[in-house]
Amino acid sequence: MAAPVAAAGRAIWRTPPWRGPSRRPLSSASPPPRAAAVRAAFLSFFRDRHGHRLVPSASVRPRGDPSLLFVNAGMNQFKPIFLGTVDPRSEMAGFRRVANSQKCVRAGGRHSDLEDVGRDLSHHTFFEMLGNWAFGGEYFKEEACSMAWELLTQVYGIPEERLWVSYFSGDPKVGLDPDLESRDIWLRLGVPASRVLSFGPQENFWEMGDTGPCGPCTEIHYDLAGGVGTPELVELWNLVFMQHNREADGSLQPLPQRHVDTGMGLERLVAVLQGRRSTYDTDLFSPLLSAIHQGCGAPPYLGRVGAADEGRTDTAYRVVADHIRTLSVCIADGVSPGMSGAPLVLRRILRRAVRFSSEVLRAPPGFLGSLVPVVVETLGDAYPELQKNSAQIASLVSEDEAAFLASLQRGRRIIDRTVRRLGPSHVFPAEVAWSLSLSGNLGLPLDLVELMLEEKGVQLDSAGLAQLAQEEAQRRAQQAEPIQEQGLQLDVHALGELQRRGVPPTDDSPKYSYSLQPGGGYEFGTCEAQVLQLYTEDGRAVASVGEGQRCGLLLDRTNFYAEQGGQASDRGYLVRVEQQDVLFPVARAQVCGGFILHEAVAPECLKVGDQVQLHVDKAWRLGCMEKHTAIHLLNWALRQALGPGTEQRGSHLNPEHLRLDVATQAPLTPEQLQAVEGIVQEAVGQDEAVYMEEVALACTAHVPGLRSLDEIYPDPVRVVSVGVPVAHALDPASQAALQTSVELCCGTHLLRTGAVGDLVIVGERQLTKGTTRLLAITGEQAQQAREVGQSLAQEVEAAAERLSRGSRDVVEAQRLSKDMGRLTDAVDTAMMPQWQRRQLQATLKVLQRRANTAIRKLEVGQAAQKTQELLRRHSEGPLIVDTVSTESLSSVSPAFTAEAWALAVCSHMGGKAWGSRVVAQGTGSTADLEAALSTARAYALNQL
């Protein structure tokens, strides 16, 4: 329960203590509006009355924003506009006033409501954010407040006397004055001064992050008490006025352009309009709660919380209802439960839902998947991707549910057994909790383990757990790939200054100026340009740079490809036109709001206004072109081999290799991998022409089979078509895009496919369930990989022949077994075709098993001989202690474990031991073998 805030002599609840479901609608004259109508009314209001453009919800998968696990606010997709980095050629660059309903997920990361879901009547991991935006000063505070007031009071019919507003009271510490402008606007709109409250930066100053655009906000609140007694205010709508930028040093600077960013949670608005105190009592959730009741046979949902919720039944209802919505939306957008990042969070959500449905609601197996159609029914009209992917969502949820139920049952038994062994004051061991967790063996999320212990009144060893987590993080850091440096960037102020000066975006069309020569080589032309601006490493604009200085160069035109679309940046050099013998190395080029920034090192002075000539690294560029054309062919081949539902999820390429992430129904089989390679090889062998052309974006909207990603494309957009001219490929009647590779792409490509040479998929793994990452190489590397694979295949065949002949003795059998192990290691790590690797791994697994069986048979014979010899030598006494040759792995069956026995003896000799219950080995050093034997004898006698 939140603390009251004093205002006008009364206590105002900033966040209400939700008491339970209320059945009192705003008006008894007509039935309350359904959620779909509330959403539609919002969108039509801004489109029809105020000229806003309606844009669809972005995917909950953040695009190009590594700081977010999920899209968690309506403004996320518009960040490039706020930051001033939007591509001026893109559709988004033309946005002025926009409205939409955005799918949002707040689970994991900085903004997470996951732990609160179920505990109260208001929190959700998935929700819909209604919002309207004005960019570049299209309108500001006066219009934003007026529109909001008009919608709430005139369209939705909320009584004015139940609405309160708050505004920013200022922050003297950083020199921010109170937002009296917003206060006065509300007063002019008729809000009484007694219902206009002011609060500090924590409540009424909104920031995108630690740095970046920010500004004061004004909030509209709804009084649940309806004027009876102390007001109970719930925030309804937040209007943010972005007019500052938070710098890295913490200071605030004015933005070059001002923006309006508003957000209103649909679930909360619907609760208000339907007269409910809980969002779970609206028609967004009632079909789900009813389906849960019917599917589980649990008592009906009563909306209880805390101690009143006996058995936590109502908590479980809320958890399951919320989580199945989140799972459905995320999977529809391509985020599947997995092992890291957002997929890991989604895995936690699914397992949390499974635990509450199976243990609290006693749901039958497969229950969660049965709820997916209910989610689709309530949200599918607004978000068609749910309808399109409903079968896949249900299947994936059901598969993961079944897999987790077995782990959950096993984990519960481990917890129960451990708790029984604890004393009354003991804490639950961190090592056990860790072994149950996602980082351990069973895959129980740690928060779920803590919750299960909390229900038993048992405390977890949090300090020990933190230590284990730190050690795990250190191990992962050592294994992780090096993080690539981001390089020089232009910040929002630098971009704003360039726009103020009227500097046009960089003309990078020369990057496409290359030709194929009769001999098969490529000719890359040079490009002459003028230095428009220079920047130091810290982003400061300067007129010149000196010897040895690392700097950023902004030119009026360039032939360098700037890193985007998964393709690595060009590298090369530039020279001054009047001084050709001094090379300025260019390490990379990056896109910054339509400008291309070149990162270079200046061996001599370079000044603004200098005329320069640019040269790309031809080998590097050609390698990128080869890989990019290959990735298009691979993408097309996957759809040919696996079906049209195979969708690209991401890619990256450089001259060395390419990486393609694809959504697949199941892991690829060796036969499918081989078939995909064959399709690519056929296209390469035909040496087909690659056509590239810029066309109007609208011309690509309804072409069957045309591949595009979840990205914002410029208009006009570049189309790349293999074997078919672009005009023919874009003709809807031709069906050409279904029969060859046709994609929207800004990358640089070969002009004929033959230069790819060959393509070999050398790596394949599942990133998440339903998403596979493929690694591939081309050209000479691919040919070498095929040769390596063939050589290893011959070695495996020879080893199989040796094994079939049998072994005369243990030594020979062990040598063959070691050869199998060496071959297995070689196959696991070699650069070779992945389909062949998988086949050889399966063969070697069988051969290794046969080799081990042969060894055991030979050892049994040796053990029998050794036993008879020992019995003859030690005819008296309760046990036999002697030395056995390390070449023999004979088994014994002691009353105690072989590993513990070996450890006792080897520790005495300053060594260590390892093994199992029946066989163990060890090392150590001693000059007194009899003492070691005595130790062994004493330990054994003590155990018997």
# chains A, B, ... in the order shown; residues from 1 in each chain; ligands from 1
call {"tool": "closest_atom_pairs", "arguments": {"of": "stretch 528-622 of chain A", "to": "stretch 71-82 of chain A", "cutoff": "12 Å", "atoms": "only C-alpha atoms", "output": "tab-separated table"}}
result
residue	atom	partner	partner_atom	distance
A:Val591	CA	A:Pro80	CA	11.9
A:Cys592	CA	A:Pro80	CA	9.8
A:Gly593	CA	A:Pro80	CA	7.8
A:Gly594	CA	A:Pro80	CA	10.9
call {"tool": "select_by_dssp", "arguments": {"residues": "stretch 701-740 of chain A", "states": "helix (DSSP H, G or I)", "output": "PyMOL selection string"}}
result
chain A and resi 726-729+736-738
call {"tool": "write_last_selection", "arguments": {"atoms": "C-alpha atoms", "output": "CSV table (one decimal), in the first residue's frame"}}
result
chain,number,residue,atom,x,y,z
A,726,VAL,CA,13.3,-6.5,-60.8
A,727,ALA,CA,10.3,-5.2,-62.9
A,728,HIS,CA,9.3,-8.8,-63.7
A,729,ALA,CA,9.9,-10.0,-60.1
A,736,ALA,CA,8.6,-14.9,-60.0
A,737,ALA,CA,9.3,-14.0,-56.3
A,738,LEU,CA,8.0,-17.4,-55.3
call {"tool": "closest_atom_pairs", "arguments": {"of": "stretch 80-192 of chain A", "to": "stretch 247-251 of chain A", "cutoff": "12 Å", "atoms": "only C-alpha atoms", "output": "Markdown table"}}
result
| residue | atom | partner | partner_atom | distance |
| --- | --- | --- | --- | --- |
| A:Lys173 | CA | A:Ser251 | CA | 10.8 |
| A:Val174 | CA | A:Ser251 | CA | 7.5 |
| A:Gly175 | CA | A:Ser251 | CA | 9.8 |
| A:Leu176 | CA | A:Ser251 | CA | 11.0 |
call {"tool": "write_last_selection", "arguments": {"atoms": "N, CA and C atoms", "output": "compact mmCIF listing (two decimals), in the first residue's frame"}}
result
# COMPACT_ATOMS: atom_id res chain seq x y z
N LYS A 173 17.81 21.56 -7.81
CA LYS A 173 19.16 20.99 -7.82
C LYS A 173 19.79 21.05 -9.20
N VAL A 174 18.98 20.91 -10.24
CA VAL A 174 19.53 20.93 -11.61
C VAL A 174 19.04 22.15 -12.39
N GLY A 175 18.45 23.09 -11.67
CA GLY A 175 18.04 24.34 -12.31
C GLY A 175 16.79 24.26 -13.15
N LEU A 176 15.88 23.31 -12.84
CA LEU A 176 14.65 23.19 -13.60
C LEU A 176 13.51 23.91 -12.87
call {"tool": "residues_around", "arguments": {"residues": "A:Asn559", "least_positions_apart": "6", "cutoff": "8 Å", "atoms": "only C-alpha atoms", "output": "PDB file with all heavy atoms, in the first residue's frame"}}
result
ATOM      1  N   ASP A 508      25.495   8.577 -50.467  1.00  0.00           N
ATOM      2  CA  ASP A 508      26.310   7.354 -50.485  1.00  0.00           C
ATOM      3  C   ASP A 508      25.963   6.464 -51.676  1.00  0.00           C
ATOM      4  O   ASP A 508      26.304   5.280 -51.697  1.00  0.00           O
ATOM      5  CB  ASP A 508      26.171   6.571 -49.177  1.00  0.00           C
ATOM      6  CG  ASP A 508      24.753   6.077 -48.938  1.00  0.00           C
ATOM      7  OD1 ASP A 508      23.826   6.567 -49.621  1.00  0.00           O
ATOM      8  OD2 ASP A 508      24.572   5.209 -48.067  1.00  0.00           O
ATOM      9  N   SER A 509      25.277   7.027 -52.682  1.00  0.00           N
ATOM     10  CA  SER A 509      24.966   6.236 -53.871  1.00  0.00           C
ATOM     11  C   SER A 509      26.203   5.714 -54.591  1.00  0.00           C
ATOM     12  O   SER A 509      26.121   4.651 -55.241  1.00  0.00           O
ATOM     13  CB  SER A 509      24.101   7.053 -54.840  1.00  0.00           C
ATOM     14  OG  SER A 509      24.767   8.243 -55.239  1.00  0.00           O
ATOM     15  N   PRO A 510      27.387   6.369 -54.508  1.00  0.00           N
ATOM     16  CA  PRO A 510      28.570   5.804 -55.175  1.00  0.00           C
ATOM     17  C   PRO A 510      28.981   4.428 -54.658  1.00  0.00           C
ATOM     18  O   PRO A 510      29.776   3.752 -55.312  1.00  0.00           O
ATOM     19  CB  PRO A 510      29.664   6.849 -54.898  1.00  0.00           C
ATOM     20  CG  PRO A 510      28.930   8.136 -54.762  1.00  0.00           C
ATOM     21  CD  PRO A 510      27.662   7.759 -54.049  1.00  0.00           C
ATOM     22  N   LYS A 511      28.454   3.993 -53.511  1.00  0.00           N
ATOM     23  CA  LYS A 511      28.814   2.656 -53.018  1.00  0.00           C
ATOM     24  C   LYS A 511      28.319   1.576 -53.958  1.00  0.00           C
ATOM     25  O   LYS A 511      28.823   0.447 -53.938  1.00  0.00           O
ATOM     26  CB  LYS A 511      28.242   2.436 -51.612  1.00  0.00           C
ATOM     27  CG  LYS A 511      26.719   2.319 -51.550  1.00  0.00           C
ATOM     28  CD  LYS A 511      26.217   2.288 -50.119  1.00  0.00           C
ATOM     29  CE  LYS A 511      24.690   2.218 -50.057  1.00  0.00           C
ATOM     30  NZ  LYS A 511      24.193   2.345 -48.669  1.00  0.00           N
ATOM     31  N   TYR A 512      27.334   1.908 -54.801  1.00  0.00           N
ATOM     32  CA  TYR A 512      26.816   0.952 -55.767  1.00  0.00           C
ATOM     33  C   TYR A 512      27.504   1.067 -57.122  1.00  0.00           C
ATOM     34  O   TYR A 512      27.111   0.375 -58.061  1.00  0.00           O
ATOM     35  CB  TYR A 512      25.311   1.149 -55.949  1.00  0.00           C
ATOM     36  CG  TYR A 512      24.494   0.928 -54.705  1.00  0.00           C
ATOM     37  CD1 TYR A 512      23.649   1.924 -54.216  1.00  0.00           C
ATOM     38  CD2 TYR A 512      24.558  -0.276 -54.014  1.00  0.00           C
ATOM     39  CE1 TYR A 512      22.888   1.728 -53.070  1.00  0.00           C
ATOM     40  CE2 TYR A 512      23.797  -0.484 -52.866  1.00  0.00           C
ATOM     41  CZ  TYR A 512      22.972   0.514 -52.405  1.00  0.00           C
ATOM     42  OH  TYR A 512      22.219   0.307 -51.276  1.00  0.00           O
ATOM     43  N   SER A 513      28.521   1.921 -57.231  1.00  0.00           N
ATOM     44  CA  SER A 513      29.205   2.118 -58.510  1.00  0.00           C
ATOM     45  C   SER A 513      30.356   1.137 -58.647  1.00  0.00           C
ATOM     46  O   SER A 513      31.484   1.420 -58.238  1.00  0.00           O
ATOM     47  CB  SER A 513      29.715   3.569 -58.609  1.00  0.00           C
ATOM     48  OG  SER A 513      28.632   4.465 -58.587  1.00  0.00           O
ATOM     49  N   THR A 526      36.692   5.067 -57.687  1.00  0.00           N
ATOM     50  CA  THR A 526      36.986   5.961 -56.567  1.00  0.00           C
ATOM     51  C   THR A 526      35.892   7.019 -56.473  1.00  0.00           C
ATOM     52  O   THR A 526      35.028   7.128 -57.338  1.00  0.00           O
ATOM     53  CB  THR A 526      38.349   6.634 -56.755  1.00  0.00           C
ATOM     54  OG1 THR A 526      38.331   7.374 -57.986  1.00  0.00           O
ATOM     55  CG2 THR A 526      39.460   5.597 -56.800  1.00  0.00           C
ATOM     56  N   CYS A 527      35.954   7.782 -55.433  1.00  0.00           N
ATOM     57  CA  CYS A 527      34.930   8.804 -55.197  1.00  0.00           C
ATOM     58  C   CYS A 527      35.616  10.045 -54.643  1.00  0.00           C
ATOM     59  O   CYS A 527      36.390   9.962 -53.677  1.00  0.00           O
ATOM     60  CB  CYS A 527      33.893   8.287 -54.206  1.00  0.00           C
ATOM     61  SG  CYS A 527      32.677   9.505 -53.663  1.00  0.00           S
ATOM     62  N   LEU A 614      38.337   8.780 -52.094  1.00  0.00           N
ATOM     63  CA  LEU A 614      38.125   7.608 -51.259  1.00  0.00           C
ATOM     64  C   LEU A 614      38.344   6.327 -52.052  1.00  0.00           C
ATOM     65  O   LEU A 614      37.890   6.204 -53.204  1.00  0.00           O
ATOM     66  CB  LEU A 614      36.706   7.597 -50.696  1.00  0.00           C
ATOM     67  CG  LEU A 614      36.343   8.715 -49.716  1.00  0.00           C
ATOM     68  CD1 LEU A 614      35.681   9.863 -50.455  1.00  0.00           C
ATOM     69  CD2 LEU A 614      35.415   8.202 -48.639  1.00  0.00           C
ATOM     70  N   HIS A 615      38.986   5.356 -51.399  1.00  0.00           N
ATOM     71  CA  HIS A 615      39.257   4.062 -51.997  1.00  0.00           C
ATOM     72  C   HIS A 615      38.802   2.976 -51.019  1.00  0.00           C
ATOM     73  O   HIS A 615      39.300   2.916 -49.890  1.00  0.00           O
ATOM     74  CB  HIS A 615      40.752   3.885 -52.281  1.00  0.00           C
ATOM     75  CG  HIS A 615      41.324   4.916 -53.191  1.00  0.00           C
ATOM     76  ND1 HIS A 615      41.567   4.691 -54.534  1.00  0.00           N
ATOM     77  CD2 HIS A 615      41.710   6.210 -52.960  1.00  0.00           C
ATOM     78  CE1 HIS A 615      42.076   5.766 -55.082  1.00  0.00           C
ATOM     79  NE2 HIS A 615      42.172   6.708 -54.143  1.00  0.00           N
ATOM     80  N   VAL A 616      37.895   2.122 -51.455  1.00  0.00           N
ATOM     81  CA  VAL A 616      37.481   1.022 -50.586  1.00  0.00           C
ATOM     82  C   VAL A 616      38.488  -0.116 -50.721  1.00  0.00           C
ATOM     83  O   VAL A 616      39.156  -0.277 -51.749  1.00  0.00           O
ATOM     84  CB  VAL A 616      36.068   0.508 -50.944  1.00  0.00           C
ATOM     85  CG1 VAL A 616      35.035   1.593 -50.753  1.00  0.00           C
ATOM     86  CG2 VAL A 616      36.028  -0.039 -52.368  1.00  0.00           C
TER      87      VAL A 616
END
call {"tool": "closest_residue", "arguments": {"among": "A:Leu490, A:Ile415, A:Val575, A:Cys624", "to": "A:Ile596", "atoms": "only C-alpha atoms"}}
result
A:Leu490
call {"tool": "closest_residue", "arguments": {"among": "A:Gly623, A:Gly334, A:Gly685, A:Gly306", "to": "A:Asp120", "atoms": "only C-alpha atoms"}}
result
A:Gly306
call {"tool": "residues_around", "arguments": {"residues": "A:Phe199", "least_positions_apart": "6", "cutoff": "7 Å", "atoms": "only C-alpha atoms", "output": "VMD selection string"}}
result
chain A and resid 166 to 169
call {"tool": "write_last_selection", "arguments": {"atoms": "N, CA and C atoms", "output": "PDB file, in the first residue's frame"}}
result
ATOM      1  N   SER A 166      -1.701  16.204 -12.493  1.00  0.00           N
ATOM      2  CA  SER A 166      -0.471  16.597 -11.787  1.00  0.00           C
ATOM      3  C   SER A 166       0.508  17.185 -12.798  1.00  0.00           C
ATOM      4  N   TYR A 167       1.406  18.024 -12.316  1.00  0.00           N
ATOM      5  CA  TYR A 167       2.422  18.631 -13.188  1.00  0.00           C
ATOM      6  C   TYR A 167       3.740  18.690 -12.435  1.00  0.00           C
ATOM      7  N   PHE A 168       4.802  19.006 -13.154  1.00  0.00           N
ATOM      8  CA  PHE A 168       6.166  19.006 -12.610  1.00  0.00           C
ATOM      9  C   PHE A 168       6.398  20.244 -11.754  1.00  0.00           C
ATOM     10  N   SER A 169       6.819  20.001 -10.500  1.00  0.00           N
ATOM     11  CA  SER A 169       7.021  21.116  -9.561  1.00  0.00           C
ATOM     12  C   SER A 169       8.410  21.726  -9.651  1.00  0.00           C
TER      13      SER A 169
END
call {"tool": "residues_around", "arguments": {"residues": "A:Leu180", "least_positions_apart": "3", "cutoff": "10 Å", "atoms": "only C-alpha atoms", "output": "PyMOL selection string"}}
result
chain A and resi 167-170+177+183-186+198
call {"tool": "write_last_selection", "arguments": {"atoms": "N, CA and C atoms", "output": "PDB file, in the first residue's frame"}}
result
ATOM      1  N   TYR A 167       1.406  18.024 -12.316  1.00  0.00           N
ATOM      2  CA  TYR A 167       2.422  18.631 -13.188  1.00  0.00           C
ATOM      3  C   TYR A 167       3.740  18.690 -12.435  1.00  0.00           C
ATOM      4  N   PHE A 168       4.802  19.006 -13.154  1.00  0.00           N
ATOM      5  CA  PHE A 168       6.166  19.006 -12.610  1.00  0.00           C
ATOM      6  C   PHE A 168       6.398  20.244 -11.754  1.00  0.00           C
ATOM      7  N   SER A 169       6.819  20.001 -10.500  1.00  0.00           N
ATOM      8  CA  SER A 169       7.021  21.116  -9.561  1.00  0.00           C
ATOM      9  C   SER A 169       8.410  21.726  -9.651  1.00  0.00           C
ATOM     10  N   GLY A 170       9.254  21.214 -10.556  1.00  0.00           N
ATOM     11  CA  GLY A 170      10.597  21.753 -10.705  1.00  0.00           C
ATOM     12  C   GLY A 170      11.629  20.987  -9.898  1.00  0.00           C
ATOM     13  N   ASP A 177      12.842  24.810 -13.585  1.00  0.00           N
ATOM     14  CA  ASP A 177      11.723  25.556 -13.014  1.00  0.00           C
ATOM     15  C   ASP A 177      10.456  24.719 -13.034  1.00  0.00           C
ATOM     16  N   ARG A 183       0.378  23.671 -15.814  1.00  0.00           N
ATOM     17  CA  ARG A 183      -0.614  23.986 -14.760  1.00  0.00           C
ATOM     18  C   ARG A 183      -1.661  24.941 -15.288  1.00  0.00           C
ATOM     19  N   ASP A 184      -1.218  25.995 -15.957  1.00  0.00           N
ATOM     20  CA  ASP A 184      -2.155  27.010 -16.430  1.00  0.00           C
ATOM     21  C   ASP A 184      -3.067  26.471 -17.538  1.00  0.00           C
ATOM     22  N   ILE A 185      -2.549  25.555 -18.347  1.00  0.00           N
ATOM     23  CA  ILE A 185      -3.385  24.954 -19.395  1.00  0.00           C
ATOM     24  C   ILE A 185      -4.545  24.196 -18.763  1.00  0.00           C
ATOM     25  N   TRP A 186      -4.264  23.419 -17.718  1.00  0.00           N
ATOM     26  CA  TRP A 186      -5.320  22.652 -17.057  1.00  0.00           C
ATOM     27  C   TRP A 186      -6.346  23.578 -16.398  1.00  0.00           C
ATOM     28  N   SER A 198       1.073  19.244  -7.826  1.00  0.00           N
ATOM     29  CA  SER A 198       2.445  19.310  -8.344  1.00  0.00           C
ATOM     30  C   SER A 198       3.328  18.325  -7.589  1.00  0.00           C
TER      31      SER A 198
END
call {"tool": "closest_residue", "arguments": {"among": "A:Asp491, A:Glu115, A:Glu647, A:Glu547", "to": "A:Lys607", "atoms": "only C-alpha atoms"}}
result
A:Glu547
call {"tool": "closest_residue", "arguments": {"among": "A:Met129, A:Lys388, A:Asp322, A:Glu764", "to": "A:Glu267", "atoms": "only C-alpha atoms"}}
result
A:Met129
call {"tool": "select_by_dssp", "arguments": {"residues": "stretch 369-523 of chain A", "states": "strand (DSSP E)", "output": "PyMOL selection string"}}
result
chain A and resi 514-516+522-523
call {"tool": "residues_around", "arguments": {"residues": "stretch 449-453 of chain A", "least_positions_apart": "6", "cutoff": "12 Å", "atoms": "only C-alpha atoms", "output": "ChimeraX atom specification"}}
result
/A:115,348,351-352,355-356,359-360,408,411-416,418-419,427-430,432-438,442-443,459-462,465
call {"tool": "residues_around", "arguments": {"residues": "A:Thr279", "least_positions_apart": "4", "cutoff": "6 Å", "atoms": "only C-alpha atoms", "output": "list in words"}}
result
Ser122, Glu267, Arg268 and Ala271 of chain A
call {"tool": "write_last_selection", "arguments": {"atoms": "N, CA and C atoms", "output": "mmCIF file, in the first residue's frame"}}
result
data_model
loop_
_atom_site.group_PDB
_atom_site.id
_atom_site.type_symbol
_atom_site.label_atom_id
_atom_site.label_comp_id
_atom_site.auth_asym_id
_atom_site.auth_seq_id
_atom_site.Cartn_x
_atom_site.Cartn_y
_atom_site.Cartn_z
ATOM 1 N N SER A 122 -3.569 -5.393 -10.291
ATOM 2 C CA SER A 122 -3.315 -4.403 -11.339
ATOM 3 C C SER A 122 -2.098 -4.666 -12.205
ATOM 4 N N GLU A 267 -5.595 -1.467 -20.479
ATOM 5 C CA GLU A 267 -6.228 -2.282 -19.449
ATOM 6 C C GLU A 267 -6.794 -1.422 -18.327
ATOM 7 N N ARG A 268 -6.039 -0.428 -17.899
ATOM 8 C CA ARG A 268 -6.506 0.435 -16.812
ATOM 9 C C ARG A 268 -7.666 1.318 -17.262
ATOM 10 N N ALA A 271 -10.790 -0.718 -17.382
ATOM 11 C CA ALA A 271 -11.301 -0.953 -16.030
ATOM 12 C C ALA A 271 -12.107 0.243 -15.542
#
call {"tool": "closest_residue", "arguments": {"among": "A:Leu660, A:Ala800, A:Ala863, A:Ala562", "to": "A:Val846", "atoms": "only C-alpha atoms"}}
result
A:Ala800
call {"tool": "closest_atom_pairs", "arguments": {"of": "stretch 364-429 of chain A", "to": "stretch 101-105 of chain A", "cutoff": "12 Å", "atoms": "only C-alpha atoms", "output": "tab-separated table"}}
result
residue	atom	partner	partner_atom	distance
A:Leu379	CA	A:Lys103	CA	10.5
A:Ala382	CA	A:Ser101	CA	8.7
A:Tyr383	CA	A:Lys103	CA	8.8
A:Glu385	CA	A:Lys103	CA	11.8
A:Leu386	CA	A:Lys103	CA	11.9
call {"tool": "write_last_selection", "arguments": {"atoms": "N, CA and C atoms", "output": "short mmCIF file (atom, residue, chain, number, x, y, z; two decimals), in the first residue's frame"}}
result
data_model
loop_
_atom_site.label_atom_id
_atom_site.label_comp_id
_atom_site.auth_asym_id
_atom_site.auth_seq_id
_atom_site.Cartn_x
_atom_site.Cartn_y
_atom_site.Cartn_z
N LEU A 379 -7.56 -10.82 -28.65
CA LEU A 379 -6.58 -9.85 -29.17
C LEU A 379 -6.30 -9.97 -30.66
N ALA A 382 -7.04 -7.07 -33.25
CA ALA A 382 -6.15 -5.92 -33.15
C ALA A 382 -4.74 -6.25 -33.61
N TYR A 383 -4.32 -7.50 -33.41
CA TYR A 383 -2.95 -7.91 -33.73
C TYR A 383 -3.02 -9.20 -34.55
N GLU A 385 -1.10 -10.96 -36.26
CA GLU A 385 -0.03 -11.95 -36.19
C GLU A 385 -0.38 -13.07 -35.20
N LEU A 386 -1.25 -12.79 -34.23
CA LEU A 386 -1.69 -13.83 -33.32
C LEU A 386 -2.54 -14.86 -34.05
#
call {"tool": "atom_distance", "arguments": {"atom1": "atom CA of A:Val680", "atom2": "atom CA of A:Gln839"}}
result
20.6 Å
call {"tool": "closest_residue", "arguments": {"among": "A:Ala913, A:Leu840, A:Val608, A:Leu495", "to": "A:Ala793", "atoms": "only C-alpha atoms"}}
result
A:Leu840
call {"tool": "atom_distance", "arguments": {"atom1": "atom CA of A:His749", "atom2": "atom CA of A:Gly519"}}
result
18.1 Å
